[in-house]
>>> print(open('my_file33.txt').read())   # compact mmCIF, N, CA and C atoms
# COMPACT_ATOMS: atom_id res chain seq x y z
N MET X 16 -13.61 2.08 -5.90
CA MET X 16 -13.06 0.80 -5.49
C MET X 16 -12.30 0.97 -4.18
N SER X 17 -12.64 0.19 -3.19
CA SER X 17 -11.96 0.32 -1.91
C SER X 17 -10.70 -0.55 -1.89
N ALA X 18 -9.96 -0.41 -0.81
CA ALA X 18 -8.70 -1.14 -0.68
C ALA X 18 -8.93 -2.65 -0.70
N VAL X 19 -7.97 -3.36 -1.25
CA VAL X 19 -8.02 -4.81 -1.37
C VAL X 19 -7.26 -5.42 -0.20
N LYS X 20 -7.88 -6.37 0.50
CA LYS X 20 -7.18 -7.07 1.59
C LYS X 20 -6.28 -8.13 0.96
N VAL X 21 -4.99 -8.07 1.30
CA VAL X 21 -4.02 -9.00 0.73
C VAL X 21 -3.39 -9.80 1.87
N THR X 22 -3.16 -11.09 1.63
CA THR X 22 -2.53 -11.97 2.62
C THR X 22 -1.22 -12.51 2.06
N ASP X 23 -0.49 -13.22 2.91
CA ASP X 23 0.74 -13.88 2.44
C ASP X 23 0.43 -14.76 1.23
N GLU X 24 -0.72 -15.44 1.28
CA GLU X 24 -1.08 -16.38 0.21
C GLU X 24 -1.46 -15.67 -1.09
N SER X 25 -2.09 -14.50 -0.99
CA SER X 25 -2.57 -13.82 -2.20
C SER X 25 -1.63 -12.74 -2.73
N PHE X 26 -0.54 -12.47 -2.00
CA PHE X 26 0.34 -11.36 -2.36
C PHE X 26 0.88 -11.45 -3.78
N GLU X 27 1.38 -12.63 -4.15
CA GLU X 27 1.96 -12.77 -5.48
C GLU X 27 0.93 -12.44 -6.56
N GLN X 28 -0.26 -13.00 -6.45
CA GLN X 28 -1.30 -12.78 -7.46
C GLN X 28 -1.82 -11.34 -7.42
N ASP X 29 -2.12 -10.84 -6.22
CA ASP X 29 -2.75 -9.52 -6.08
C ASP X 29 -1.80 -8.35 -6.30
N VAL X 30 -0.52 -8.55 -5.99
CA VAL X 30 0.44 -7.43 -6.05
C VAL X 30 1.48 -7.64 -7.13
N LEU X 31 2.23 -8.73 -7.03
CA LEU X 31 3.35 -8.92 -7.96
C LEU X 31 2.90 -9.16 -9.39
N LYS X 32 1.75 -9.78 -9.59
CA LYS X 32 1.26 -10.07 -10.95
C LYS X 32 0.18 -9.08 -11.41
N ALA X 33 -0.02 -8.00 -10.66
CA ALA X 33 -1.04 -7.01 -11.01
C ALA X 33 -0.67 -6.30 -12.31
N ASP X 34 -1.70 -5.90 -13.07
CA ASP X 34 -1.46 -5.24 -14.36
C ASP X 34 -1.39 -3.73 -14.23
N GLN X 35 -1.41 -3.22 -13.01
CA GLN X 35 -1.22 -1.78 -12.78
C GLN X 35 -0.46 -1.62 -11.47
N PRO X 36 0.07 -0.42 -11.18
CA PRO X 36 0.80 -0.23 -9.92
C PRO X 36 -0.09 -0.55 -8.72
N VAL X 37 0.54 -1.06 -7.66
CA VAL X 37 -0.18 -1.40 -6.43
C VAL X 37 0.53 -0.72 -5.26
N LEU X 38 -0.24 0.07 -4.51
CA LEU X 38 0.26 0.69 -3.29
C LEU X 38 -0.13 -0.22 -2.14
N VAL X 39 0.87 -0.81 -1.48
CA VAL X 39 0.61 -1.74 -0.38
C VAL X 39 0.81 -1.01 0.94
N ASP X 40 -0.23 -1.06 1.78
CA ASP X 40 -0.20 -0.48 3.12
C ASP X 40 0.00 -1.62 4.11
N PHE X 41 1.17 -1.65 4.76
CA PHE X 41 1.43 -2.63 5.81
C PHE X 41 0.97 -2.00 7.13
N TRP X 42 0.02 -2.65 7.82
CA TRP X 42 -0.63 -2.05 8.98
C TRP X 42 -0.97 -3.11 10.02
N ALA X 43 -1.50 -2.65 11.17
CA ALA X 43 -2.00 -3.54 12.22
C ALA X 43 -3.15 -2.84 12.93
N GLU X 44 -4.04 -3.64 13.53
CA GLU X 44 -5.21 -3.10 14.24
C GLU X 44 -4.84 -2.11 15.34
N TRP X 45 -3.77 -2.40 16.06
CA TRP X 45 -3.38 -1.61 17.23
C TRP X 45 -2.61 -0.34 16.87
N CYS X 46 -2.34 -0.12 15.60
CA CYS X 46 -1.48 0.99 15.16
C CYS X 46 -2.31 2.25 14.91
N GLY X 47 -2.16 3.25 15.79
CA GLY X 47 -2.89 4.51 15.66
C GLY X 47 -2.64 5.22 14.34
N PRO X 48 -1.36 5.45 13.97
CA PRO X 48 -1.08 6.13 12.70
C PRO X 48 -1.64 5.37 11.48
N CYS X 49 -1.71 4.03 11.57
CA CYS X 49 -2.29 3.24 10.48
C CYS X 49 -3.76 3.60 10.30
N LYS X 50 -4.46 3.73 11.43
CA LYS X 50 -5.88 4.09 11.37
C LYS X 50 -6.06 5.51 10.87
N GLN X 51 -5.09 6.40 11.18
CA GLN X 51 -5.16 7.78 10.72
C GLN X 51 -5.14 7.88 9.20
N ILE X 52 -4.29 7.09 8.55
CA ILE X 52 -4.15 7.22 7.10
C ILE X 52 -5.15 6.38 6.31
N ALA X 53 -5.86 5.48 6.98
CA ALA X 53 -6.80 4.59 6.28
C ALA X 53 -7.85 5.36 5.46
N PRO X 54 -8.49 6.41 6.01
CA PRO X 54 -9.47 7.14 5.19
C PRO X 54 -8.85 7.78 3.94
N ALA X 55 -7.64 8.31 4.08
CA ALA X 55 -6.96 8.92 2.93
C ALA X 55 -6.69 7.87 1.85
N LEU X 56 -6.27 6.69 2.27
CA LEU X 56 -5.99 5.62 1.30
C LEU X 56 -7.28 5.19 0.60
N ASP X 57 -8.39 5.14 1.35
CA ASP X 57 -9.67 4.79 0.73
C ASP X 57 -10.07 5.84 -0.31
N GLN X 58 -9.86 7.11 0.02
CA GLN X 58 -10.18 8.19 -0.93
C GLN X 58 -9.31 8.09 -2.17
N ILE X 59 -8.02 7.84 -1.98
CA ILE X 59 -7.10 7.71 -3.11
C ILE X 59 -7.50 6.53 -3.98
N SER X 60 -7.95 5.45 -3.34
CA SER X 60 -8.39 4.28 -4.07
C SER X 60 -9.54 4.64 -5.01
N GLU X 61 -10.45 5.48 -4.54
CA GLU X 61 -11.59 5.93 -5.36
C GLU X 61 -11.11 6.86 -6.47
N GLU X 62 -10.30 7.86 -6.09
CA GLU X 62 -9.88 8.90 -7.02
C GLU X 62 -8.98 8.38 -8.13
N LEU X 63 -8.14 7.40 -7.81
CA LEU X 63 -7.19 6.88 -8.79
C LEU X 63 -7.56 5.48 -9.27
N ALA X 64 -8.84 5.14 -9.17
CA ALA X 64 -9.30 3.83 -9.65
C ALA X 64 -8.90 3.65 -11.11
N GLY X 65 -8.33 2.49 -11.42
CA GLY X 65 -7.88 2.22 -12.77
C GLY X 65 -6.43 2.64 -13.03
N LYS X 66 -5.86 3.41 -12.08
CA LYS X 66 -4.47 3.86 -12.22
C LYS X 66 -3.55 3.21 -11.19
N VAL X 67 -4.13 2.95 -10.01
CA VAL X 67 -3.37 2.30 -8.93
C VAL X 67 -4.35 1.52 -8.06
N THR X 68 -3.90 0.37 -7.58
CA THR X 68 -4.69 -0.42 -6.64
C THR X 68 -4.12 -0.19 -5.25
N ILE X 69 -5.01 0.02 -4.29
CA ILE X 69 -4.58 0.14 -2.90
C ILE X 69 -4.81 -1.22 -2.25
N ALA X 70 -3.73 -1.79 -1.69
CA ALA X 70 -3.81 -3.09 -1.04
C ALA X 70 -3.37 -2.94 0.41
N LYS X 71 -4.01 -3.69 1.30
CA LYS X 71 -3.68 -3.63 2.72
C LYS X 71 -3.23 -5.00 3.21
N VAL X 72 -2.06 -5.03 3.85
CA VAL X 72 -1.54 -6.27 4.43
C VAL X 72 -1.48 -6.08 5.95
N ASN X 73 -2.28 -6.86 6.68
CA ASN X 73 -2.22 -6.85 8.14
C ASN X 73 -1.00 -7.66 8.56
N ILE X 74 -0.02 -6.98 9.17
CA ILE X 74 1.25 -7.65 9.48
C ILE X 74 1.11 -8.76 10.51
N GLU X 75 0.04 -8.73 11.30
CA GLU X 75 -0.16 -9.78 12.29
C GLU X 75 -0.79 -11.02 11.68
N ASP X 76 -1.72 -10.82 10.73
CA ASP X 76 -2.37 -11.95 10.07
C ASP X 76 -1.47 -12.56 9.01
N SER X 77 -0.62 -11.74 8.39
CA SER X 77 0.26 -12.20 7.30
C SER X 77 1.67 -11.67 7.53
N PRO X 78 2.46 -12.33 8.39
CA PRO X 78 3.80 -11.83 8.72
C PRO X 78 4.87 -12.14 7.67
N GLY X 79 4.59 -13.04 6.73
CA GLY X 79 5.61 -13.46 5.78
C GLY X 79 6.05 -12.36 4.82
N VAL X 80 5.09 -11.69 4.20
CA VAL X 80 5.41 -10.64 3.22
C VAL X 80 6.15 -9.47 3.88
N PRO X 81 5.66 -8.93 5.02
CA PRO X 81 6.41 -7.84 5.65
C PRO X 81 7.85 -8.24 5.99
N SER X 82 8.02 -9.48 6.43
CA SER X 82 9.36 -9.96 6.75
C SER X 82 10.23 -10.01 5.50
N ARG X 83 9.67 -10.50 4.39
CA ARG X 83 10.42 -10.61 3.14
C ARG X 83 10.88 -9.25 2.63
N TYR X 84 10.06 -8.22 2.86
CA TYR X 84 10.40 -6.89 2.36
C TYR X 84 11.00 -5.97 3.42
N GLY X 85 11.34 -6.53 4.59
CA GLY X 85 12.05 -5.78 5.62
C GLY X 85 11.24 -4.68 6.29
N VAL X 86 9.94 -4.90 6.43
CA VAL X 86 9.10 -3.90 7.11
C VAL X 86 9.45 -3.91 8.59
N ARG X 87 9.88 -2.75 9.09
CA ARG X 87 10.27 -2.65 10.50
C ARG X 87 9.34 -1.76 11.29
N GLY X 88 8.73 -0.78 10.65
CA GLY X 88 7.81 0.13 11.32
C GLY X 88 6.53 0.23 10.50
N ILE X 89 5.44 0.54 11.18
CA ILE X 89 4.18 0.70 10.44
C ILE X 89 3.55 2.03 10.83
N PRO X 90 2.79 2.63 9.95
CA PRO X 90 2.49 2.12 8.61
C PRO X 90 3.70 2.24 7.67
N THR X 91 3.88 1.23 6.84
CA THR X 91 4.84 1.29 5.75
C THR X 91 4.05 1.19 4.46
N LEU X 92 4.30 2.12 3.55
CA LEU X 92 3.66 2.12 2.25
C LEU X 92 4.70 1.75 1.20
N MET X 93 4.39 0.75 0.39
CA MET X 93 5.29 0.35 -0.69
C MET X 93 4.52 0.37 -2.00
N LEU X 94 5.14 0.95 -3.01
CA LEU X 94 4.54 0.97 -4.34
C LEU X 94 5.21 -0.10 -5.18
N PHE X 95 4.41 -1.01 -5.70
CA PHE X 95 4.92 -2.09 -6.56
C PHE X 95 4.49 -1.83 -7.99
N ARG X 96 5.42 -2.04 -8.92
CA ARG X 96 5.13 -1.90 -10.34
C ARG X 96 5.85 -3.03 -11.06
N ASP X 97 5.12 -3.74 -11.91
CA ASP X 97 5.70 -4.84 -12.70
C ASP X 97 6.42 -5.86 -11.82
N GLY X 98 5.82 -6.16 -10.67
CA GLY X 98 6.37 -7.20 -9.80
C GLY X 98 7.54 -6.77 -8.94
N GLN X 99 7.91 -5.49 -8.99
CA GLN X 99 9.05 -5.00 -8.22
C GLN X 99 8.62 -3.86 -7.31
N MET X 100 9.27 -3.75 -6.14
CA MET X 100 9.02 -2.61 -5.29
C MET X 100 9.70 -1.40 -5.92
N ALA X 101 8.92 -0.36 -6.22
CA ALA X 101 9.44 0.82 -6.91
C ALA X 101 9.77 1.95 -5.95
N SER X 102 9.04 2.02 -4.83
CA SER X 102 9.23 3.12 -3.89
C SER X 102 8.63 2.74 -2.54
N MET X 103 9.15 3.38 -1.47
CA MET X 103 8.67 3.05 -0.13
C MET X 103 8.67 4.29 0.75
N LYS X 104 7.67 4.39 1.61
CA LYS X 104 7.60 5.45 2.62
C LYS X 104 7.20 4.79 3.94
N VAL X 105 7.78 5.26 5.03
CA VAL X 105 7.44 4.74 6.35
C VAL X 105 6.85 5.87 7.18
N GLY X 106 5.74 5.57 7.85
CA GLY X 106 5.10 6.55 8.71
C GLY X 106 3.85 7.13 8.08
N ALA X 107 3.01 7.70 8.94
CA ALA X 107 1.77 8.31 8.48
C ALA X 107 2.08 9.64 7.81
N MET X 108 1.31 9.96 6.79
CA MET X 108 1.42 11.26 6.14
C MET X 108 0.06 11.66 5.61
N PRO X 109 -0.14 12.96 5.41
CA PRO X 109 -1.44 13.40 4.92
C PRO X 109 -1.70 12.94 3.49
N LYS X 110 -2.97 12.93 3.12
CA LYS X 110 -3.39 12.47 1.79
C LYS X 110 -2.60 13.17 0.69
N GLN X 111 -2.43 14.49 0.80
CA GLN X 111 -1.74 15.24 -0.25
C GLN X 111 -0.31 14.75 -0.45
N LYS X 112 0.36 14.43 0.66
CA LYS X 112 1.75 13.92 0.58
C LYS X 112 1.78 12.55 -0.09
N ILE X 113 0.78 11.72 0.20
CA ILE X 113 0.73 10.40 -0.45
C ILE X 113 0.53 10.58 -1.95
N LEU X 114 -0.37 11.50 -2.33
CA LEU X 114 -0.61 11.77 -3.76
C LEU X 114 0.66 12.31 -4.44
N GLU X 115 1.38 13.20 -3.75
CA GLU X 115 2.63 13.73 -4.31
C GLU X 115 3.66 12.62 -4.49
N TRP X 116 3.76 11.74 -3.50
CA TRP X 116 4.69 10.62 -3.59
C TRP X 116 4.34 9.72 -4.77
N LEU X 117 3.05 9.42 -4.92
CA LEU X 117 2.62 8.60 -6.06
C LEU X 117 2.95 9.27 -7.38
N ALA X 118 2.73 10.58 -7.46
CA ALA X 118 3.02 11.32 -8.70
C ALA X 118 4.52 11.26 -9.01
N GLU X 119 5.35 11.42 -7.99
CA GLU X 119 6.81 11.35 -8.17
C GLU X 119 7.21 9.96 -8.66
N ALA X 120 6.48 8.95 -8.22
CA ALA X 120 6.77 7.56 -8.62
C ALA X 120 6.14 7.20 -9.97
N GLY X 121 5.46 8.17 -10.59
CA GLY X 121 4.94 7.93 -11.93
C GLY X 121 3.46 7.57 -12.02
N VAL X 122 2.74 7.61 -10.89
CA VAL X 122 1.30 7.34 -10.90
C VAL X 122 0.60 8.70 -11.02
N LYS X 123 0.07 8.98 -12.18
CA LYS X 123 -0.55 10.28 -12.44
C LYS X 123 -2.05 10.24 -12.15
N ALA X 124 -2.53 11.30 -11.55
CA ALA X 124 -3.97 11.41 -11.23
C ALA X 124 -4.78 11.63 -12.49
>>> encode(input="my_file33.txt", output="structure tokens")
Amino acid sequence: MSAVKVTDESFEQDVLKADQPVLVDFWAEWCGPCKQIAPALDQISEELAGKVTIAKVNIEDSPGVPSRYGVRGIPTLMLFRDGQMASMKVGAMPKQKILEWLAEAGVKA
């Protein structure tokens, strides 16, 4: 399962009301580090299918959600569980670090 595109309009349904944890990637087309981590997020989406959903919010197309959650730099990764933000990381990191962060937050491979 590949990453889910989420907008301001679909955020509540796709993320806050999701029945499993959702890792939200706040990104933009012009962001080099965002493009760097995209393949890793796609791989994680496949590897952890059924355990976590990977969602992508383009901050230019949907500025409301990033503003509500205080996103100041991108890429920003936020893990949501049961409608609440459970953990956040800012900046690009290798796939292994993302997996370690998810494991620390309780998403087991």
>>> atom_distance(input="my_file33.txt", atom1="CA of Leu38 in chain X", atom2="CA of Val105 in chain X")
12.7 Å
>>> select_by_dssp(input="my_file33.txt", residues="range 25-113 of chain X", states="strand (DSSP E)", output="PyMOL selection string")
chain X and resi 37-42+68-73+91-96+99-105
>>> write_last_selection(input="my_file33.txt", atoms="N, CA and C atoms", output="tab-separated table (two decimals), keeping the file's coordinate frame")
chain	number	residue	atom	x	y	z
X	37	VAL	N	0.54	-1.06	-7.66
X	37	VAL	CA	-0.18	-1.40	-6.43
X	37	VAL	C	0.53	-0.72	-5.26
X	38	LEU	N	-0.24	0.07	-4.51
X	38	LEU	CA	0.26	0.69	-3.29
X	38	LEU	C	-0.13	-0.22	-2.14
X	39	VAL	N	0.87	-0.81	-1.48
X	39	VAL	CA	0.61	-1.74	-0.38
X	39	VAL	C	0.81	-1.01	0.94
X	40	ASP	N	-0.23	-1.06	1.78
X	40	ASP	CA	-0.20	-0.48	3.12
X	40	ASP	C	0.00	-1.62	4.11
X	41	PHE	N	1.17	-1.65	4.76
X	41	PHE	CA	1.43	-2.63	5.81
X	41	PHE	C	0.97	-2.00	7.13
X	42	TRP	N	0.02	-2.65	7.82
X	42	TRP	CA	-0.63	-2.05	8.98
X	42	TRP	C	-0.97	-3.11	10.02
X	68	THR	N	-3.90	0.37	-7.58
X	68	THR	CA	-4.69	-0.42	-6.64
X	68	THR	C	-4.12	-0.19	-5.25
X	69	ILE	N	-5.01	0.02	-4.29
X	69	ILE	CA	-4.58	0.14	-2.90
X	69	ILE	C	-4.81	-1.22	-2.25
X	70	ALA	N	-3.73	-1.79	-1.69
X	70	ALA	CA	-3.81	-3.09	-1.04
X	70	ALA	C	-3.37	-2.94	0.41
X	71	LYS	N	-4.01	-3.69	1.30
X	71	LYS	CA	-3.68	-3.63	2.72
X	71	LYS	C	-3.23	-5.00	3.21
X	72	VAL	N	-2.06	-5.03	3.85
X	72	VAL	CA	-1.54	-6.27	4.43
X	72	VAL	C	-1.48	-6.08	5.95
X	73	ASN	N	-2.28	-6.86	6.68
X	73	ASN	CA	-2.22	-6.85	8.14
X	73	ASN	C	-1.00	-7.66	8.56
X	91	THR	N	3.88	1.23	6.84
X	91	THR	CA	4.84	1.29	5.75
X	91	THR	C	4.05	1.19	4.46
X	92	LEU	N	4.30	2.12	3.55
X	92	LEU	CA	3.66	2.12	2.25
X	92	LEU	C	4.70	1.75	1.20
X	93	MET	N	4.39	0.75	0.39
X	93	MET	CA	5.29	0.35	-0.69
X	93	MET	C	4.52	0.37	-2.00
X	94	LEU	N	5.14	0.95	-3.01
X	94	LEU	CA	4.54	0.97	-4.34
X	94	LEU	C	5.21	-0.10	-5.18
X	95	PHE	N	4.41	-1.01	-5.70
X	95	PHE	CA	4.92	-2.09	-6.56
X	95	PHE	C	4.49	-1.83	-7.99
X	96	ARG	N	5.42	-2.04	-8.92
X	96	ARG	CA	5.13	-1.90	-10.34
X	96	ARG	C	5.85	-3.03	-11.06
X	99	GLN	N	7.91	-5.49	-8.99
X	99	GLN	CA	9.05	-5.00	-8.22
X	99	GLN	C	8.62	-3.86	-7.31
X	100	MET	N	9.27	-3.75	-6.14
X	100	MET	CA	9.02	-2.61	-5.29
X	100	MET	C	9.70	-1.40	-5.92
X	101	ALA	N	8.92	-0.36	-6.22
X	101	ALA	CA	9.44	0.82	-6.91
X	101	ALA	C	9.77	1.95	-5.95
X	102	SER	N	9.04	2.02	-4.83
X	102	SER	CA	9.23	3.12	-3.89
X	102	SER	C	8.63	2.74	-2.54
X	103	MET	N	9.15	3.38	-1.47
X	103	MET	CA	8.67	3.05	-0.13
X	103	MET	C	8.67	4.29	0.75
X	104	LYS	N	7.67	4.39	1.61
X	104	LYS	CA	7.60	5.45	2.62
X	104	LYS	C	7.20	4.79	3.94
X	105	VAL	N	7.78	5.26	5.03
X	105	VAL	CA	7.44	4.74	6.35
X	105	VAL	C	6.85	5.87	7.18
>>> select_by_dssp(input="my_file33.txt", residues="range 87-119 of chain X", states="helix (DSSP H, G or I)", output="PyMOL selection string")
chain X and resi 110-119
>>> axis_aligned_box(input="my_file33.txt", around="range 106-122 of chain X", padding_each_side="3 Å", output="lines of an AutoDock Vina configuration file")
center_x = 1.9
center_y = 10.4
center_z = -1.5
size_x = 16.6
size_y = 15.7
size_z = 27.0
>>> closest_residue(input="my_file33.txt", among="X:Ala107, X:Ala120, X:Ala18, X:Val37", to="Lys66 in chain X", atoms="all atoms listed in the file")
X:Val37
>>> residues_around(input="my_file33.txt", residues="Thr22 in chain X", least_positions_apart="3", cutoff="8 Å", atoms="all atoms listed in the file", output="ChimeraX atom specification")
/X:19,25-27,29,71-73,76-80
>>> residues_around(input="my_file33.txt", residues="Gln51 in chain X", least_positions_apart="4", cutoff="8 Å", atoms="all atoms listed in the file", output="ChimeraX atom specification")
/X:46-47,55-56,107-109
>>> write_last_selection(input="my_file33.txt", atoms="N, CA and C atoms", output="PDB file, keeping the file's coordinate frame")
ATOM      1  N   CYS X  46      -2.340  -0.120  15.600  1.00  0.00           N
ATOM      2  CA  CYS X  46      -1.480   0.990  15.160  1.00  0.00           C
ATOM      3  C   CYS X  46      -2.310   2.250  14.910  1.00  0.00           C
ATOM      4  N   GLY X  47      -2.160   3.250  15.790  1.00  0.00           N
ATOM      5  CA  GLY X  47      -2.890   4.510  15.660  1.00  0.00           C
ATOM      6  C   GLY X  47      -2.640   5.220  14.340  1.00  0.00           C
ATOM      7  N   ALA X  55      -7.640   8.310   4.080  1.00  0.00           N
ATOM      8  CA  ALA X  55      -6.960   8.920   2.930  1.00  0.00           C
ATOM      9  C   ALA X  55      -6.690   7.870   1.850  1.00  0.00           C
ATOM     10  N   LEU X  56      -6.270   6.690   2.270  1.00  0.00           N
ATOM     11  CA  LEU X  56      -5.990   5.620   1.300  1.00  0.00           C
ATOM     12  C   LEU X  56      -7.280   5.190   0.600  1.00  0.00           C
ATOM     13  N   ALA X 107       3.010   7.700   8.940  1.00  0.00           N
ATOM     14  CA  ALA X 107       1.770   8.310   8.480  1.00  0.00           C
ATOM     15  C   ALA X 107       2.080   9.640   7.810  1.00  0.00           C
ATOM     16  N   MET X 108       1.310   9.960   6.790  1.00  0.00           N
ATOM     17  CA  MET X 108       1.420  11.260   6.140  1.00  0.00           C
ATOM     18  C   MET X 108       0.060  11.660   5.610  1.00  0.00           C
ATOM     19  N   PRO X 109      -0.140  12.960   5.410  1.00  0.00           N
ATOM     20  CA  PRO X 109      -1.440  13.400   4.920  1.00  0.00           C
ATOM     21  C   PRO X 109      -1.700  12.940   3.490  1.00  0.00           C
TER      22      PRO X 109
END
>>> atom_distance(input="my_file33.txt", atom1="CA of Ile89 in chain X", atom2="atom N of Lys110 in chain X")
15.9 Å
>>> atom_distance(input="my_file33.txt", atom1="atom C of Ile52 in chain X", atom2="atom C of Ala64 in chain X")
18.0 Å
>>> residues_around(input="my_file33.txt", residues="Ser60 in chain X", least_positions_apart="6", cutoff="7 Å", atoms="all atoms listed in the file", output="MDAnalysis selection string")
chainID X and resid 16:18 67:69
